[in-house]
>>> print(open('entry_39.cif').read())   # mmCIF, N, CA and C atoms
data_start
loop_
_atom_site.label_atom_id
_atom_site.label_comp_id
_atom_site.auth_asym_id
_atom_site.auth_seq_id
_atom_site.Cartn_x
_atom_site.Cartn_y
_atom_site.Cartn_z
N MET A 1 88.25 74.01 87.85
CA MET A 1 88.64 75.40 87.97
C MET A 1 89.10 75.68 89.41
N LYS A 2 90.24 76.35 89.52
CA LYS A 2 90.81 76.63 90.84
C LYS A 2 90.29 77.96 91.38
N VAL A 3 89.79 77.94 92.62
CA VAL A 3 89.28 79.15 93.27
C VAL A 3 90.42 79.78 94.05
N LYS A 4 90.64 81.10 93.82
CA LYS A 4 91.70 81.82 94.51
C LYS A 4 91.31 82.10 95.95
N LYS A 5 92.25 81.88 96.86
CA LYS A 5 92.03 82.15 98.28
C LYS A 5 92.15 83.66 98.52
N VAL A 6 91.18 84.22 99.25
CA VAL A 6 91.19 85.65 99.56
C VAL A 6 92.03 85.86 100.83
N PRO A 7 93.11 86.67 100.75
CA PRO A 7 93.91 86.91 101.95
C PRO A 7 93.12 87.70 102.99
N MET A 8 93.13 87.22 104.23
CA MET A 8 92.40 87.86 105.32
C MET A 8 93.39 88.47 106.31
N ARG A 9 93.01 89.61 106.88
CA ARG A 9 93.83 90.27 107.90
C ARG A 9 92.91 90.74 109.02
N MET A 10 93.47 90.92 110.22
CA MET A 10 92.68 91.36 111.36
C MET A 10 92.77 92.87 111.52
N CYS A 11 91.63 93.51 111.69
CA CYS A 11 91.57 94.94 111.96
C CYS A 11 91.99 95.15 113.42
N LEU A 12 92.87 96.13 113.65
CA LEU A 12 93.33 96.42 115.01
C LEU A 12 92.25 97.09 115.86
N GLY A 13 91.24 97.66 115.21
CA GLY A 13 90.18 98.35 115.96
C GLY A 13 89.12 97.39 116.46
N CYS A 14 88.43 96.72 115.53
CA CYS A 14 87.32 95.84 115.90
C CYS A 14 87.76 94.40 116.13
N GLN A 15 89.03 94.08 115.82
CA GLN A 15 89.59 92.74 116.01
C GLN A 15 88.88 91.68 115.17
N GLU A 16 88.32 92.08 114.00
CA GLU A 16 87.65 91.14 113.11
C GLU A 16 88.53 90.84 111.91
N MET A 17 88.44 89.59 111.43
CA MET A 17 89.15 89.20 110.22
C MET A 17 88.34 89.67 109.01
N LYS A 18 89.02 90.37 108.11
CA LYS A 18 88.35 90.91 106.91
C LYS A 18 89.28 90.73 105.72
N PRO A 19 88.73 90.75 104.50
CA PRO A 19 89.61 90.67 103.32
C PRO A 19 90.61 91.82 103.30
N LYS A 20 91.84 91.50 102.96
CA LYS A 20 92.94 92.46 102.96
C LYS A 20 92.64 93.71 102.16
N LYS A 21 91.95 93.57 101.03
CA LYS A 21 91.65 94.70 100.15
C LYS A 21 90.71 95.72 100.78
N GLU A 22 89.92 95.30 101.78
CA GLU A 22 88.96 96.20 102.43
C GLU A 22 89.61 97.05 103.52
N LEU A 23 90.84 96.73 103.89
CA LEU A 23 91.50 97.40 105.01
C LEU A 23 92.58 98.38 104.55
N ILE A 24 92.94 99.30 105.43
CA ILE A 24 94.03 100.24 105.18
C ILE A 24 95.27 99.66 105.86
N ARG A 25 96.39 99.64 105.15
CA ARG A 25 97.64 99.13 105.72
C ARG A 25 98.48 100.29 106.20
N ILE A 26 98.95 100.18 107.43
CA ILE A 26 99.89 101.14 108.00
C ILE A 26 101.19 100.36 108.14
N VAL A 27 102.28 100.94 107.70
CA VAL A 27 103.54 100.20 107.69
C VAL A 27 104.65 100.98 108.39
N ARG A 28 105.50 100.25 109.11
CA ARG A 28 106.74 100.81 109.63
C ARG A 28 107.81 100.32 108.67
N ARG A 29 108.35 101.26 107.87
CA ARG A 29 109.31 100.89 106.84
C ARG A 29 110.53 100.21 107.43
N ALA A 30 111.03 99.22 106.71
CA ALA A 30 112.16 98.42 107.18
C ALA A 30 113.46 99.22 107.27
N LYS A 31 113.70 100.05 106.27
CA LYS A 31 115.01 100.71 106.21
C LYS A 31 115.20 101.86 107.19
N ASP A 32 114.12 102.61 107.51
CA ASP A 32 114.31 103.78 108.37
C ASP A 32 113.27 103.92 109.49
N SER A 33 112.43 102.93 109.69
CA SER A 33 111.42 102.89 110.77
C SER A 33 110.40 104.03 110.72
N VAL A 34 110.20 104.63 109.55
CA VAL A 34 109.18 105.67 109.40
C VAL A 34 107.82 104.99 109.27
N VAL A 35 106.82 105.52 109.98
CA VAL A 35 105.46 104.98 109.90
C VAL A 35 104.69 105.76 108.85
N GLN A 36 104.03 105.04 107.95
CA GLN A 36 103.26 105.69 106.89
C GLN A 36 102.09 104.82 106.47
N ILE A 37 101.14 105.44 105.77
CA ILE A 37 100.03 104.69 105.18
C ILE A 37 100.54 104.09 103.88
N ASP A 38 100.17 102.82 103.64
CA ASP A 38 100.63 102.10 102.46
C ASP A 38 99.44 101.78 101.56
N PRO A 39 99.12 102.66 100.60
CA PRO A 39 97.95 102.40 99.74
C PRO A 39 98.15 101.21 98.80
N THR A 40 99.39 100.89 98.44
CA THR A 40 99.64 99.78 97.51
C THR A 40 99.69 98.43 98.22
N GLY A 41 100.04 98.44 99.51
CA GLY A 41 100.19 97.19 100.25
C GLY A 41 101.50 96.49 99.94
N LYS A 42 102.45 97.20 99.33
CA LYS A 42 103.69 96.57 98.90
C LYS A 42 104.96 97.16 99.50
N VAL A 43 104.81 98.17 100.36
CA VAL A 43 105.99 98.79 100.97
C VAL A 43 106.63 97.77 101.91
N ALA A 44 107.94 97.61 101.83
CA ALA A 44 108.66 96.67 102.68
C ALA A 44 108.66 97.16 104.12
N GLY A 45 108.29 96.29 105.03
CA GLY A 45 108.30 96.65 106.44
C GLY A 45 107.22 95.93 107.21
N ARG A 46 107.08 96.29 108.46
CA ARG A 46 106.09 95.66 109.34
C ARG A 46 104.75 96.35 109.15
N GLY A 47 103.73 95.60 108.81
CA GLY A 47 102.43 96.17 108.52
C GLY A 47 101.38 95.87 109.58
N ALA A 48 100.39 96.75 109.66
CA ALA A 48 99.23 96.57 110.51
C ALA A 48 98.02 97.06 109.72
N TYR A 49 96.86 96.50 110.00
CA TYR A 49 95.68 96.82 109.21
C TYR A 49 94.57 97.39 110.07
N ILE A 50 93.78 98.27 109.44
CA ILE A 50 92.66 98.88 110.14
C ILE A 50 91.50 99.08 109.16
N CYS A 51 90.27 98.93 109.66
CA CYS A 51 89.06 99.12 108.83
C CYS A 51 88.99 100.56 108.34
N ARG A 52 88.21 100.76 107.32
CA ARG A 52 87.97 102.11 106.82
C ARG A 52 86.81 102.73 107.60
N ASP A 53 86.97 102.75 108.92
CA ASP A 53 85.93 103.22 109.83
C ASP A 53 86.60 104.02 110.96
N VAL A 54 86.12 105.22 111.19
CA VAL A 54 86.71 106.11 112.19
C VAL A 54 86.63 105.48 113.59
N ASN A 55 85.53 104.78 113.88
CA ASN A 55 85.38 104.15 115.20
C ASN A 55 86.49 103.12 115.45
N CYS A 56 86.82 102.34 114.43
CA CYS A 56 87.89 101.34 114.56
C CYS A 56 89.23 102.03 114.79
N LEU A 57 89.47 103.11 114.05
CA LEU A 57 90.72 103.86 114.22
C LEU A 57 90.83 104.41 115.63
N GLU A 58 89.75 105.00 116.14
CA GLU A 58 89.77 105.57 117.48
C GLU A 58 90.00 104.50 118.54
N LYS A 59 89.36 103.34 118.35
CA LYS A 59 89.52 102.23 119.30
C LYS A 59 90.97 101.73 119.30
N ALA A 60 91.54 101.58 118.11
CA ALA A 60 92.93 101.11 117.98
C ALA A 60 93.90 102.11 118.61
N PHE A 61 93.62 103.41 118.40
CA PHE A 61 94.50 104.45 118.93
C PHE A 61 94.39 104.53 120.46
N LYS A 62 93.15 104.43 120.96
CA LYS A 62 92.90 104.51 122.40
C LYS A 62 93.63 103.40 123.16
N HIS A 63 93.61 102.19 122.60
CA HIS A 63 94.23 101.04 123.27
C HIS A 63 95.68 100.82 122.85
N LYS A 64 96.22 101.77 122.06
CA LYS A 64 97.62 101.73 121.60
C LYS A 64 97.95 100.46 120.81
N ARG A 65 96.96 99.94 120.08
CA ARG A 65 97.18 98.71 119.31
C ARG A 65 98.11 98.92 118.13
N LEU A 66 98.05 100.11 117.52
CA LEU A 66 98.97 100.40 116.42
C LEU A 66 100.41 100.42 116.92
N GLU A 67 100.63 101.05 118.06
CA GLU A 67 101.98 101.11 118.63
C GLU A 67 102.51 99.72 118.95
N LYS A 68 101.65 98.86 119.49
CA LYS A 68 102.06 97.50 119.84
C LYS A 68 102.36 96.69 118.59
N ALA A 69 101.52 96.82 117.57
CA ALA A 69 101.69 96.04 116.33
C ALA A 69 102.94 96.47 115.56
N LEU A 70 103.19 97.78 115.50
CA LEU A 70 104.32 98.28 114.71
C LEU A 70 105.60 98.41 115.55
N GLU A 71 105.46 98.27 116.85
CA GLU A 71 106.59 98.32 117.78
C GLU A 71 107.33 99.66 117.78
N VAL A 72 106.61 100.76 117.51
CA VAL A 72 107.15 102.12 117.60
C VAL A 72 106.03 103.05 118.07
N PRO A 73 106.38 104.18 118.69
CA PRO A 73 105.35 105.15 119.08
C PRO A 73 104.70 105.76 117.83
N ILE A 74 103.38 105.97 117.89
CA ILE A 74 102.65 106.55 116.77
C ILE A 74 102.33 108.00 117.12
N SER A 75 102.74 108.92 116.26
CA SER A 75 102.52 110.35 116.53
C SER A 75 101.07 110.74 116.25
N GLN A 76 100.68 111.85 116.83
CA GLN A 76 99.34 112.41 116.61
C GLN A 76 99.17 112.73 115.13
N GLU A 77 100.24 113.12 114.47
CA GLU A 77 100.22 113.48 113.05
C GLU A 77 99.79 112.28 112.19
N ILE A 78 100.32 111.10 112.47
CA ILE A 78 99.94 109.89 111.73
C ILE A 78 98.47 109.58 111.97
N TYR A 79 98.04 109.71 113.22
CA TYR A 79 96.64 109.48 113.58
C TYR A 79 95.71 110.41 112.79
N GLU A 80 96.07 111.71 112.74
CA GLU A 80 95.25 112.69 112.01
C GLU A 80 95.24 112.37 110.51
N GLN A 81 96.37 111.95 109.97
CA GLN A 81 96.46 111.59 108.55
C GLN A 81 95.54 110.39 108.25
N LEU A 82 95.55 109.39 109.12
CA LEU A 82 94.68 108.23 108.94
C LEU A 82 93.21 108.64 109.01
N LYS A 83 92.91 109.50 109.97
CA LYS A 83 91.52 109.96 110.14
C LYS A 83 91.04 110.69 108.89
N ARG A 84 91.91 111.56 108.33
CA ARG A 84 91.55 112.29 107.11
C ARG A 84 91.31 111.32 105.95
N GLU A 85 92.17 110.34 105.84
CA GLU A 85 92.05 109.35 104.77
C GLU A 85 90.73 108.60 104.85
N ILE A 86 90.34 108.21 106.05
CA ILE A 86 89.09 107.49 106.25
C ILE A 86 87.89 108.40 105.97
N MET A 87 87.95 109.65 106.44
CA MET A 87 86.86 110.59 106.22
C MET A 87 86.66 110.88 104.72
N ASP A 88 87.75 110.96 103.97
CA ASP A 88 87.66 111.23 102.53
C ASP A 88 86.95 110.10 101.78
N GLU A 89 87.07 108.88 102.28
CA GLU A 89 86.49 107.72 101.60
C GLU A 89 85.00 107.57 101.92
N GLU A 90 84.55 108.12 103.05
CA GLU A 90 83.14 107.94 103.44
C GLU A 90 82.23 108.84 102.66
#
>>> encode(input="entry_39.cif", output="structure tokens")
Amino acid sequence: MKVKKVPMRMCLGCQEMKPKKELIRIVRRAKDSVVQIDPTGKVAGRGAYICRDVNCLEKAFKHKRLEKALEVPISQEIYEQLKREIMDEE
């Protein structure tokens, strides 16, 4: 019997490798460079991952890791949207 490999991604906040399904994907869309949350994980573009933890989000935002990973400035609006999403899940 073949065991499926679990895809792992690094959280930009805590810098830990975690299963992809446990993380939130933020994507800079390929066609128009708009930054958005990607709940499906299938939007075409450059992706970055973050834990479902407010502390990780704050750490990533403070050190501008999202901006570096996506190669575009991240607005306060996107940050607030991510924070709301994480708070709703807790």
>>> closest_residue(input="entry_39.cif", among="A:Leu82, A:Ile37, A:Ala69, A:Leu12", to="Cys56 in chain A", atoms="only C-alpha atoms")
A:Leu12
>>> resolve_selection(input="entry_39.cif", expression="the PyMOL selection byres ((chain A and resi 18) around 6)", output="PyMOL selection string")
chain A and resi 7-11+16-17+19-20
>>> select_by_dssp(input="entry_39.cif", residues="range 19-64 of chain A", states="helix (DSSP H, G or I)", output="list in words")
Lys20, Lys21, Glu22, Val54, Asn55, Cys56, Leu57, Glu58, Lys59, Ala60, Phe61 and Lys62 of chain A
>>> resolve_selection(input="entry_39.cif", expression="the PyMOL selection byres ((chain A and resi 38) around 6)", output="JSON, numbers by chain")
{"A": [25, 26, 27, 36, 37, 39, 40, 41, 42]}
>>> atom_distance(input="entry_39.cif", atom1="atom N of Gln15 in chain A", atom2="CA of Asp32 in chain A")
28.1 Å
>>> atom_distance(input="entry_39.cif", atom1="CA of Lys64 in chain A", atom2="CA of Tyr79 in chain A")
11.2 Å
>>> select_by_dssp(input="entry_39.cif", residues="chain A", states="strand (DSSP E)", output="number ranges by chain")
A: 8-10, 17-19, 24-29, 35-38, 45-50
>>> atom_distance(input="entry_39.cif", atom1="CA of Arg29 in chain A", atom2="CA of Ile78 in chain A")
13.9 Å
>>> closest_residue(input="entry_39.cif", among="A:Arg84, A:Val72, A:Arg28, A:Lys2", to="Ala48 in chain A", atoms="all atoms listed in the file")
A:Arg28
>>> closest_residue(input="entry_39.cif", among="A:Glu80, A:Met1, A:Ala30, A:Glu22", to="Leu57 in chain A", atoms="only C-alpha atoms")
A:Glu80
>>> closest_residue(input="entry_39.cif", among="A:Lys59, A:Leu66, A:Val3, A:Cys51", to="Val35 in chain A", atoms="only C-alpha atoms")
A:Leu66
>>> build_atoms(input="entry_39.cif", residues="range 41-52 of chain A", atoms="all heavy atoms", output="compact mmCIF listing (two decimals), in the coordinates of the input")
# COMPACT_ATOMS: atom_id res chain seq x y z
N GLY A 41 100.04 98.44 99.51
CA GLY A 41 100.19 97.19 100.25
C GLY A 41 101.50 96.49 99.94
O GLY A 41 101.67 95.32 100.26
N LYS A 42 102.45 97.20 99.33
CA LYS A 42 103.69 96.57 98.90
C LYS A 42 104.96 97.16 99.50
O LYS A 42 106.04 96.71 99.19
CB LYS A 42 103.78 96.62 97.38
CG LYS A 42 102.68 95.80 96.74
CD LYS A 42 102.77 95.78 95.25
CE LYS A 42 101.62 94.92 94.77
NZ LYS A 42 101.43 94.84 93.40
N VAL A 43 104.81 98.17 100.36
CA VAL A 43 105.99 98.79 100.97
C VAL A 43 106.63 97.77 101.91
O VAL A 43 105.94 97.11 102.70
CB VAL A 43 105.61 100.07 101.75
CG1 VAL A 43 106.80 100.62 102.51
CG2 VAL A 43 105.07 101.12 100.80
N ALA A 44 107.94 97.61 101.83
CA ALA A 44 108.66 96.67 102.68
C ALA A 44 108.66 97.16 104.12
O ALA A 44 108.96 98.31 104.39
CB ALA A 44 110.08 96.49 102.19
N GLY A 45 108.29 96.29 105.03
CA GLY A 45 108.30 96.65 106.44
C GLY A 45 107.22 95.93 107.21
O GLY A 45 106.52 95.07 106.68
N ARG A 46 107.08 96.29 108.46
CA ARG A 46 106.09 95.66 109.34
C ARG A 46 104.75 96.35 109.15
O ARG A 46 104.63 97.55 109.33
CB ARG A 46 106.57 95.79 110.79
CG ARG A 46 105.69 95.09 111.78
CD ARG A 46 106.36 95.08 113.15
NE ARG A 46 105.59 94.28 114.08
CZ ARG A 46 105.71 92.96 114.19
NH1 ARG A 46 106.55 92.31 113.43
NH2 ARG A 46 104.97 92.30 115.06
N GLY A 47 103.73 95.60 108.81
CA GLY A 47 102.43 96.17 108.52
C GLY A 47 101.38 95.87 109.58
O GLY A 47 101.47 94.89 110.31
N ALA A 48 100.39 96.75 109.66
CA ALA A 48 99.23 96.57 110.51
C ALA A 48 98.02 97.06 109.72
O ALA A 48 98.15 97.92 108.85
CB ALA A 48 99.39 97.38 111.79
N TYR A 49 96.86 96.50 110.00
CA TYR A 49 95.68 96.82 109.21
C TYR A 49 94.57 97.39 110.07
O TYR A 49 94.43 97.03 111.24
CB TYR A 49 95.18 95.55 108.51
CG TYR A 49 96.15 95.03 107.49
CD1 TYR A 49 97.22 94.22 107.86
CD2 TYR A 49 96.04 95.39 106.16
CE1 TYR A 49 98.14 93.77 106.94
CE2 TYR A 49 96.95 94.93 105.22
CZ TYR A 49 98.00 94.13 105.62
OH TYR A 49 98.91 93.68 104.69
N ILE A 50 93.78 98.27 109.44
CA ILE A 50 92.66 98.88 110.14
C ILE A 50 91.50 99.08 109.16
O ILE A 50 91.72 99.32 107.98
CB ILE A 50 93.10 100.22 110.79
CG1 ILE A 50 92.07 100.67 111.79
CG2 ILE A 50 93.34 101.28 109.79
CD1 ILE A 50 92.69 101.23 113.03
N CYS A 51 90.27 98.93 109.66
CA CYS A 51 89.06 99.12 108.83
C CYS A 51 88.99 100.56 108.34
O CYS A 51 89.57 101.46 108.94
CB CYS A 51 87.80 98.85 109.64
SG CYS A 51 87.53 97.16 110.08
N ARG A 52 88.21 100.76 107.32
CA ARG A 52 87.97 102.11 106.82
C ARG A 52 86.81 102.73 107.60
O ARG A 52 85.80 103.12 107.05
CB ARG A 52 87.66 102.07 105.32
CG ARG A 52 88.82 101.52 104.52
CD ARG A 52 88.47 101.34 103.06
NE ARG A 52 89.53 100.65 102.37
CZ ARG A 52 90.62 101.22 101.87
NH1 ARG A 52 90.78 102.51 101.99
NH2 ARG A 52 91.53 100.51 101.26
